[in-house]
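Everything below concerns the one structure shown next.
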4 protein chains.
Amino acid sequence: VRFASDNNAGVCPEVLAAILAEAERSDAAYGWDQASARLEQRLSEVFEHPVLAVPVATGTAANALALAFTNPVWGGVLCHQDAHILVDECAAPTVLGGGLTLVGTPGPNGRLSVQGVEDALADRRDSGVHTVPVTGLSLTQSSEAGTRYPPGELAALGELARRHAMRVHMDGARFANAVAAAGTSPAELSWRAGVDVLTLGATKDGALAAEVIVVFADDLRRRGEELERLRKRSGHLLSKQRFLSAQLEAWLLDGAWLRHADHANTLAADLAQGLRSRGVEVLHPVEANMVFALLSSEQHQAAQAAGAVYYTERPRGRRAGEDRVEARLVTSWSSTMSEVDEMIRVIGSA
Amino acid sequence: VRFASDNNAGVCPEVLAAILAEAERSDAAYGWDQASARLEQRLSEVFEHPVLAVPVATGTAANALALAFTNPVWGGVLCHQDAHILVDECAAPTVLGGGLTLVGTPGPNGRLSVQGVEDALADRRDSGVHTVPVTGLSLTQSSEAGTRYPPGELAALGELARRHAMRVHMDGARFANAVAAAGTSPAELSWRAGVDVLTLGATKDGALAAEVIVVFADDLRRRGEELERLRKRSGHLLSKQRFLSAQLEAWLLDGAWLRHADHANTLAADLAQGLRSRGVEVLHPVEANMVFALLSSEQHQAAQAAGAVYYTERPRGRRAGEDRVEARLVTSWSSTMSEVDEMIRVIGSA
Amino acid sequence: VRFASDNNAGVCPEVLAAILAEAERSDAAYGWDQASARLEQRLSEVFEHPVLAVPVATGTAANALALAFTNPVWGGVLCHQDAHILVDECAAPTVLGGGLTLVGTPGPNGRLSVQGVEDALADRRDSGVHTVPVTGLSLTQSSEAGTRYPPGELAALGELARRHAMRVHMDGARFANAVAAAGTSPAELSWRAGVDVLTLGATKDGALAAEVIVVFADDLRRRGEELERLRKRSGHLLSKQRFLSAQLEAWLLDGAWLRHADHANTLAADLAQGLRSRGVEVLHPVEANMVFALLSSEQHQAAQAAGAVYYTERPRGRRAGEDRVEARLVTSWSSTMSEVDEMIRVIGSA
Amino acid sequence: VRFASDNNAGVCPEVLAAILAEAERSDAAYGWDQASARLEQRLSEVFEHPVLAVPVATGTAANALALAFTNPVWGGVLCHQDAHILVDECAAPTVLGGGLTLVGTPGPNGRLSVQGVEDALADRRDSGVHTVPVTGLSLTQSSEAGTRYPPGELAALGELARRHAMRVHMDGARFANAVAAAGTSPAELSWRAGVDVLTLGATKDGALAAEVIVVFADDLRRRGEELERLRKRSGHLLSKQRFLSAQLEAWLLDGAWLRHADHANTLAADLAQGLRSRGVEVLHPVEANMVFALLSSEQHQAAQAAGAVYYTERPRGRRAGEDRVEARLVTSWSSTMSEVDEMIRVIGSA
């Protein structure tokens with residue numbers, strides 16, 4: 001019963017088959033191979049838009065390089081105060097961005113709102129060169145709280161960003177889960193809503209290690225060589241780069257990425273429903289593959305005793321005497337209904 | 001007939017089997033898994049010394065992080081003027097090292113000598129804070145010219161480094177080839193000769209993508225957390241980090257790494273001998289898995305026409321009228337004797 | 001009537017005389033001169049503690065280099081959310097600190113409290129290498145809100161910092177004002193309270209351009225060469241460095257620094273009292289040389305019409321219909337009682 | 001008898017008068033003052049071209065910021081192997097340039113030649129993203145060897161740079177000496193010859209501390225705000241910035257800068273002639289204010305005994321048994337004929 005993270009899972013069969021096939025072959029290094037040549041075309045089709053595709057092995061690298069590419073070194077990127085780029089990447093966007101600043105902003109359920117962004121911009125001091133100007137906006141889809149931005153909200157944020165000359169980055173470590181759950185096209189949740197560059201993650205959804213920076217904006221695509229140089233100078237160009245491309249290609253083929261994400265989403269919904277039906281408080285709308293549940297000490301101990309693996313946090317604004325823990329339960333492509341049932345049963349019995 | 005680079009090869013069976021086994025399992029992320037726990041122990045045995053092991057996916061990252069870890073940001077690292085870190089990593093050691101300086105120095109056959117290093121140090125201006133002080137020495141084993149440092153020469157360089165308070169880094173992208181060819185122990189070619197930190201590469205010798213920073217020096221091992229933070233903040237900690245560890249473990253098991261390297265070395269020796277017997281000038285001693293051959297235009301064109309793949313450089317100090325090209329021919333674990341024979345035949349007939 | 005900033009003032013007679021005397025002489029460059037040799041001794045006497053003194057020309061450089069010197073590149077520095085280093089230095093501590101993170105925290109009247117710092121530390125996620133660890137604490141004395149930390153509060157913060165292994169930096173751009181107003185010794189407000197490194201500013205208190213990084217902590221003083229290298233590699237070592245030392249020496253001599261600061265403090269107190277007596281709301285305790293006054297539109301316009309020069313900010317948490325502006329009025333060594341009287345008169349009449 | 005450096009001198013009367021006048025006044029901080037407003041106009045007149053003027057306090061900052069502004073972080077700047085930016089600034093251009101690479105190249109008498117630059121470019125490996133591309137060319141005028149680039153040679157280098165898409169930076173720490181000696185206009189030695197950005201130094205020629213980045217290229221002037229942000233984020237914007245502008249203004253007024261430089265140049269020529277007439281070997285053409293003299297042990301000891309102050313270097317390519325030292329003798333605006341005579345006398349008598 002492992003709900004620690006979708007990155008605890010193994011490799012899905014489609015991706016594994018692609019790795020095996022590629023392992024038998026020799027091909028050119030550093031992205032001059034056949035799989036890499038095909039990937040950009042495949043992504044352009046999936047997104048219904050010409051794209052520049054720059055694969056890397058980690059989500060932190062994908063985010064940091066995307067932000068470094070779209071913002072000046074003296075710029076700032078507005079993001080949610082719980083954004084992975086701000087709280088879980090050990091300042092990588094600042095490091096690879098040459099001193100780039102991240103500006104955290106609150107918002108309910110892990111999402112920024114138009115009003116919240118406008119307030120944050122208005123609250124910032126503007127003292128000319130003394131102040132870091134906000135040059136970028138980073139949104140996580142699906143969010144760190146397991147919620148999604150609906151296309152309309154996303155488009156409004158994109159429009160706001162355009163008015164304020166902010167480039168829009170989307171952290172899509174779980175973009176697949178958002179697309180699968182939203183029932184809209186990848187295009188609708190990205191460039192059509194004003195996203196300039198997306199970091200599309202496959203690792204949490206079945207790959208061994210494969211993320212890809214997908215650049216939509218025309219002017220940025222023309223400067224693609226700069227992004228490739230940023231990747232190389234930070235050590236993120238693999239010599240056998242073709243194995244990243246091959247993973248991504250197989251993952252996208254015939255909608256495998258969305259099938260796996262849909263599976264994880266469905267189990268998360270089932271888990272949330274089961275917990276709620278046992279009286280457990282679930283913290284955010286469950287709109288992707290994560291459930292945040294407030295567990296009593298007894299429930300938490302029972303789950304631990306039963307071998308369940310998950311992360312907990314101290315609940316925010318915990319009241320005096322509060323002894324509940326906030327459990328983050330993440331389902332993946334390899335999670336099973338029986339794991340979900342077992343978790344509900346153990347918690348429910350405690 | 002592909003001699004472009006050992007990184008054009010696929011994945012060797014031992015490593016592939018380990019990936020498959022790991023793909024079926026779930027385990028903790030970010031290096032808290034079982035394979036990662038075993039790797040450090042395995043490396044300590046192989047090197048007969050307690051080590052800190054920090055795996056990453058690329059050799060550029062391994063080198064850059066190792067240098068960033070062992071030198072202050074205001075330091076300089078002396079290396080051969082043809083060193084990969086200097087000419088082929090797009091300044092990654094400078095980027096990840098916070099402004100670290102690389103100081104290239106000449107030396108015959110891709111190797112630094114005690115005399116050469118002493119001369120380089122003596123030639124550097126020393127104007128106190130105005131000058132970047134040399135705080136590190138980086139040696140490539142086997143070298144970019146396909147040669148090796150004999151244990152005695154290595155130990156003399158290590159001793160020299162100690163006298164000048166330089167930390168010793170070894171770029172071991174092809175360390176396996178050096179060990180296999182030298183017939184000495186890994187310890188002899190590393191910490192016993194004064195190497196503080198080794199970047200040990202498996203990718204060119206059969207892995208999909210796996211390099212590991214091996215830290216020997218006691219004081220550096222105690223500061224291991226710093227290296228792990230440097231890795232994370234540059235985006236080089238994989239979420240499914242266990243796949244790096246599993247590759248390395250399988251590669252080291254039962255000497256697989258040395259068998260594959262020995263195979264490549266043997267074919268390179270055969271290739272060099274065959275070319276020489278056809279009157280082709282071979283540029284450096286062939287002591288690992290690379291052959292640098294001076295080909296006439298006719299020979300080069302014939303090889304190309306036959307579909308041979310390899311890199312060429314303009315020969316250094318080319319004389320007027322010189323029309324030969326310098327071909328770099330690299331053999332790998334997956335090269336075959338028939339590829340070698342074919343190459344010799346085509347060149348020999350031209 | 002100029003209250004825009006104490007950095008709008010000219011140069012005080014003591015400092016000017018020193019510049020003139022030095023201008024007539026030749027001496028060694030880069031700090032190997034006589035004035036620089038004397039400065040460290042002078043500062044050690046003033047602070048009753050051996051110090052390392054590293055002068056620079058700007059407060060931003062002094063702060064950034066002090067923080068870079070006392071924190072690892074992967075560290076974080078806790079500071080007030082209105083701290084100059086966070087909101088007015090365009091990320092300089094991050095840039096010169098190699099990617100150092102600043103963590104802003106709220107607190108009334110521009111001051112951090114023990115409870116506030118403890119809460120901020122408790123609220124931070126700690127996910128090992130994924131999280132930037134807080135390694136430093138920066139306090140501004142006197143603060144950006146014109147208030148002071150009493151010695152007791154300062155010592156408690158210093159003690160807290162020691163328990164959490166945070167190095168303590170004090171931004172002393174207006175340290176002179178704090179010492180003059182507190183009536184305690186410089187030692188009491190710095191190293192005795194746990195301050196490891198102080199950036200002591202003379203520019204706002206009569207110098208042309210002179211700030212000095214004063215290092216108290218024994219272990220840091222032993223590593224002084226590192227700070228000097230950080231200064232040089234960021235371009236902050238002047239060739240005629242002796243002019244910085246000479247300014248600082250003259251400024252400290254015979255208590256000139258405290259006389260000038262006391263003058264400014266007294267005028268600020270008078271200004272605050274005068275404004276309050278005219279019914280103007282003054283926002284923070286006036287404990288140094290700054291007055292934050294809430295002016296009505298009429299008052300603000302009258303002052304502007306009379307040629308008064310000062311900065312305004314949108315009041316925080318402005319209520320709907322609120323039309324008052326928050327005026328920051330800063331007095332300096334060169335401010336006059338007649339300027340203060342004129343300002344009170346103009347505001348009072350509006 | 002002080003020939004250590006022109007930065008050992010005091011402050012010339014014209015600059016000192018301007019400092020005194022400014023010290024009596026209050027004015028706006030951070031460059032919003034009257035002197036700063038006038039400076040850009042003055043420089044545009046002196047150079048007969050619209051310019052962007054960004055003053056800083058050190059030559060290292062001026063060079064580093066100018067290079068950071070004109071080159072991408074992943075770029076490289078070709079310069080002479082003895083260039084100040086490469087050997088005397090502790091990697092500041094790399095630090096402030098976000099990882100920028102400096103590429104040293106040899107050339108006789110401290111100068112690069114068209115042929116030398118072409119050879120250097122041809123010799124560099126070009127492996128796409130693996131290689132740092134040369135994006136800039138930096139020339140020192142007058143050079144570190146005390147020589148000058150004639151206008152024709154300069155224009156040819158500028159033309160070469162344009163063909164190779166390199167931006168041209170001129171390190172003009174001693175530009176005044178070059179203009180005074182060349183008898184040509186400042187325009188001829190800068191933008192007319194293809195210089196995009198000049199760091200014009202006043203400190204060595206009579207200022208207290210004042211250098212100014214002079215931007216000529218139209219596209220770069222339009223991006224001036226970026227340069228100002230780079231200056232601020234590295235701590236190089238002075239609060240009393242007007243003192244830098246006032247120094248520069250007074251220094252340029254009525255040709256004071258050229259008079260002082262001419263004085264220094266004349267004394268250097270006299271010194272060289274005197275030494276040569278005593279049989280001393282002078283190493284480079286003496287075309288500005290520096291004389292490099294090969295002194296015997298006896299001559300060196302006699303000069304030291306007489307209290308002469310100057311730097312020495314080990315002569316390059318010193319032969320076995322060679323015991324002469326290479327003395328660098330620098331004259332300044334405040335050097336006197338009697339110092340020159342005394343030096344010639346002492347050396348001549350030894």
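If you're wondering about the labels, chains in the structure tokens are A, B, ... by order shown, residues count from 1 in each chain, ligands from 1 in order shown.
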Check your understanding: What are the DSSP helix (DSSP H, G or I) residues of segment 129-270 of chain B, as a ChimeraX atom specification?
Key -> /B:129-130,151-163,175-182,191-193,203-205,218-222,224-233,242-270
Practice item. Find the spatial neighbours of segment 202-216 of chain D, counting only C-alpha atoms, within a cut-off of 9 Å - ignore same-chain residues fewer than 6 positions away - and output them as an MDAnalysis selection string. Key: (chainID C and resid 23 238:241 243) or (chainID D and resid 5:16 40 43 49:59 61:63 65:66 173:177 190:191 195:196 224 243:245 247:248 251 257:258 260:261 264 332:334)
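Distance annotation: of C:Val95, C:Ala272, C:Ala288, C:Ala4, the residue with the minimal separation from chain A is C:Val95; atom set is only C-alpha atoms.
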Practice item. Specify as a PyMOL selection string all residues of chain C found within 8 Å of chain A, counting only C-alpha atoms. Key: chain C and resi 74+87-91+94-95+98-99+101+125+127+129-132
Pull N, CA, C and O atoms from the residues just selected and write them as a PDB file, in the first residue's frame.
```pdb
ATOM      1  N   TRP C  74      24.069  27.216  -0.978  1.00  0.00           N
ATOM      2  CA  TRP C  74      22.775  26.529  -0.928  1.00  0.00           C
ATOM      3  C   TRP C  74      21.972  26.920   0.309  1.00  0.00           C
ATOM      4  O   TRP C  74      20.954  26.279   0.616  1.00  0.00           O
ATOM      5  N   VAL C  87      14.077  43.766  -0.495  1.00  0.00           N
ATOM      6  CA  VAL C  87      13.198  44.525  -1.389  1.00  0.00           C
ATOM      7  C   VAL C  87      13.889  45.647  -2.160  1.00  0.00           C
ATOM      8  O   VAL C  87      13.288  46.227  -3.051  1.00  0.00           O
ATOM      9  N   ASP C  88      15.121  45.955  -1.847  1.00  0.00           N
ATOM     10  CA  ASP C  88      15.735  47.132  -2.472  1.00  0.00           C
ATOM     11  C   ASP C  88      17.105  46.895  -3.061  1.00  0.00           C
ATOM     12  O   ASP C  88      17.796  47.859  -3.402  1.00  0.00           O
ATOM     13  N   GLU C  89      17.539  45.656  -3.151  1.00  0.00           N
ATOM     14  CA  GLU C  89      18.889  45.434  -3.662  1.00  0.00           C
ATOM     15  C   GLU C  89      18.898  44.567  -4.915  1.00  0.00           C
ATOM     16  O   GLU C  89      19.914  43.996  -5.284  1.00  0.00           O
ATOM     17  N   CYS C  90      17.749  44.465  -5.551  1.00  0.00           N
ATOM     18  CA  CYS C  90      17.653  43.781  -6.843  1.00  0.00           C
ATOM     19  C   CYS C  90      18.341  42.419  -6.833  1.00  0.00           C
ATOM     20  O   CYS C  90      19.024  42.055  -7.783  1.00  0.00           O
ATOM     21  N   ALA C  91      18.178  41.701  -5.716  1.00  0.00           N
ATOM     22  CA  ALA C  91      18.707  40.339  -5.600  1.00  0.00           C
ATOM     23  C   ALA C  91      20.224  40.260  -5.476  1.00  0.00           C
ATOM     24  O   ALA C  91      20.802  39.184  -5.662  1.00  0.00           O
ATOM     25  N   THR C  94      21.643  37.388  -3.576  1.00  0.00           N
ATOM     26  CA  THR C  94      21.533  36.141  -4.330  1.00  0.00           C
ATOM     27  C   THR C  94      22.616  36.068  -5.401  1.00  0.00           C
ATOM     28  O   THR C  94      23.247  35.029  -5.600  1.00  0.00           O
ATOM     29  N   VAL C  95      22.842  37.182  -6.085  1.00  0.00           N
ATOM     30  CA  VAL C  95      23.819  37.201  -7.175  1.00  0.00           C
ATOM     31  C   VAL C  95      25.230  36.984  -6.625  1.00  0.00           C
ATOM     32  O   VAL C  95      25.937  36.075  -7.060  1.00  0.00           O
ATOM     33  N   GLY C  98      25.996  33.503  -4.944  1.00  0.00           N
ATOM     34  CA  GLY C  98      26.008  32.279  -5.737  1.00  0.00           C
ATOM     35  C   GLY C  98      24.691  31.530  -5.730  1.00  0.00           C
ATOM     36  O   GLY C  98      24.666  30.309  -5.918  1.00  0.00           O
ATOM     37  N   GLY C  99      23.575  32.259  -5.536  1.00  0.00           N
ATOM     38  CA  GLY C  99      22.275  31.599  -5.553  1.00  0.00           C
ATOM     39  C   GLY C  99      21.634  31.507  -4.173  1.00  0.00           C
ATOM     40  O   GLY C  99      20.632  30.819  -3.991  1.00  0.00           O
ATOM     41  N   THR C 101      19.425  32.166  -0.988  1.00  0.00           N
ATOM     42  CA  THR C 101      17.993  32.490  -0.927  1.00  0.00           C
ATOM     43  C   THR C 101      17.706  33.424   0.247  1.00  0.00           C
ATOM     44  O   THR C 101      18.247  33.236   1.333  1.00  0.00           O
ATOM     45  N   ARG C 125       8.945  24.128   5.407  1.00  0.00           N
ATOM     46  CA  ARG C 125       9.033  22.727   5.073  1.00  0.00           C
ATOM     47  C   ARG C 125      10.489  22.291   5.247  1.00  0.00           C
ATOM     48  O   ARG C 125      11.404  23.047   4.941  1.00  0.00           O
ATOM     49  N   SER C 127      12.487  19.247   3.831  1.00  0.00           N
ATOM     50  CA  SER C 127      12.503  18.011   3.061  1.00  0.00           C
ATOM     51  C   SER C 127      13.926  17.678   2.644  1.00  0.00           C
ATOM     52  O   SER C 127      14.177  17.313   1.503  1.00  0.00           O
ATOM     53  N   VAL C 129      17.436  17.646   1.181  1.00  0.00           N
ATOM     54  CA  VAL C 129      18.090  18.391   0.106  1.00  0.00           C
ATOM     55  C   VAL C 129      17.120  19.141  -0.789  1.00  0.00           C
ATOM     56  O   VAL C 129      17.533  20.002  -1.576  1.00  0.00           O
ATOM     57  N   HIS C 130      15.842  18.825  -0.706  1.00  0.00           N
ATOM     58  CA  HIS C 130      14.876  19.520  -1.556  1.00  0.00           C
ATOM     59  C   HIS C 130      14.611  20.944  -1.074  1.00  0.00           C
ATOM     60  O   HIS C 130      14.117  21.776  -1.818  1.00  0.00           O
ATOM     61  N   THR C 131      14.908  21.182   0.181  1.00  0.00           N
ATOM     62  CA  THR C 131      14.583  22.456   0.805  1.00  0.00           C
ATOM     63  C   THR C 131      15.840  23.268   1.043  1.00  0.00           C
ATOM     64  O   THR C 131      16.869  22.733   1.447  1.00  0.00           O
ATOM     65  N   VAL C 132      15.727  24.566   0.833  1.00  0.00           N
ATOM     66  CA  VAL C 132      16.819  25.454   1.206  1.00  0.00           C
ATOM     67  C   VAL C 132      16.832  25.586   2.730  1.00  0.00           C
ATOM     68  O   VAL C 132      15.836  26.028   3.316  1.00  0.00           O
TER      69      VAL C 132
END
```
Review point. What is the distance, in Å and to one decimal place, between atom CA of Val197 of chain B and atom CA of Phe47 of chain B?
Key: 12.1 Å
Check your understanding: Neighbours of Glu45 of chain B within 12 Å (only C-alpha atoms; same-chain residues fewer than 3 positions away dropped), as a PyMOL selection string?
Key -> chain B and resi 38-42+48-51+185-187+249+252-254
Point to revise | For Gly172 of chain B: contacts at 6 Å, only C-alpha atoms, fewer than 5 positions along chain excluded, given as a PyMOL selection string | key: chain B and resi 141+199-201
Review point. Within 8 Å of Ser113 of chain B, counting only C-alpha atoms, which residues qualify if same-chain residues fewer than 3 places away don't, as number ranges by chain?
Key: B: 107, 116-117, 153, 157
Given the selection you just returned, output its residues as a file containing all heavy atoms, formatted as a CSV table (one decimal), in the first residue's frame.
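Output file again-v1.csv is given in full below:
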```csv
chain,number,residue,atom,x,y,z
B,107,GLY,N,50.4,19.3,-23.0
B,107,GLY,CA,51.1,18.1,-22.6
B,107,GLY,C,51.0,17.1,-23.7
B,107,GLY,O,49.9,17.0,-24.3
B,116,GLY,N,55.3,19.4,-16.5
B,116,GLY,CA,54.3,20.3,-17.2
B,116,GLY,C,53.5,21.1,-16.2
B,116,GLY,O,53.2,22.3,-16.3
B,117,VAL,N,53.0,20.4,-15.1
B,117,VAL,CA,52.2,21.0,-14.1
B,117,VAL,C,53.1,22.0,-13.3
B,117,VAL,O,52.6,23.2,-13.0
B,117,VAL,CB,51.6,20.0,-13.2
B,117,VAL,CG1,50.9,20.7,-12.0
B,117,VAL,CG2,50.6,19.1,-13.9
B,153,GLU,N,53.4,7.5,-12.6
B,153,GLU,CA,53.2,8.9,-13.0
B,153,GLU,C,52.0,9.6,-12.2
B,153,GLU,O,52.1,10.7,-11.8
B,153,GLU,CB,53.0,9.0,-14.5
B,153,GLU,CG,52.7,10.3,-15.1
B,153,GLU,CD,54.0,11.1,-15.3
B,153,GLU,OE1,55.1,10.6,-15.0
B,153,GLU,OE2,53.9,12.3,-15.6
B,157,LEU,N,52.1,12.8,-9.7
B,157,LEU,CA,51.2,14.0,-9.9
B,157,LEU,C,50.4,14.2,-8.6
B,157,LEU,O,50.1,15.3,-8.2
B,157,LEU,CB,50.2,13.7,-11.1
B,157,LEU,CG,50.9,13.9,-12.4
B,157,LEU,CD1,50.0,13.3,-13.6
B,157,LEU,CD2,51.1,15.4,-12.7
```
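Taking atom CA of Gly158 of chain B as the reference point, atom CA of Ala193 of chain B is found at 5.7 Å.
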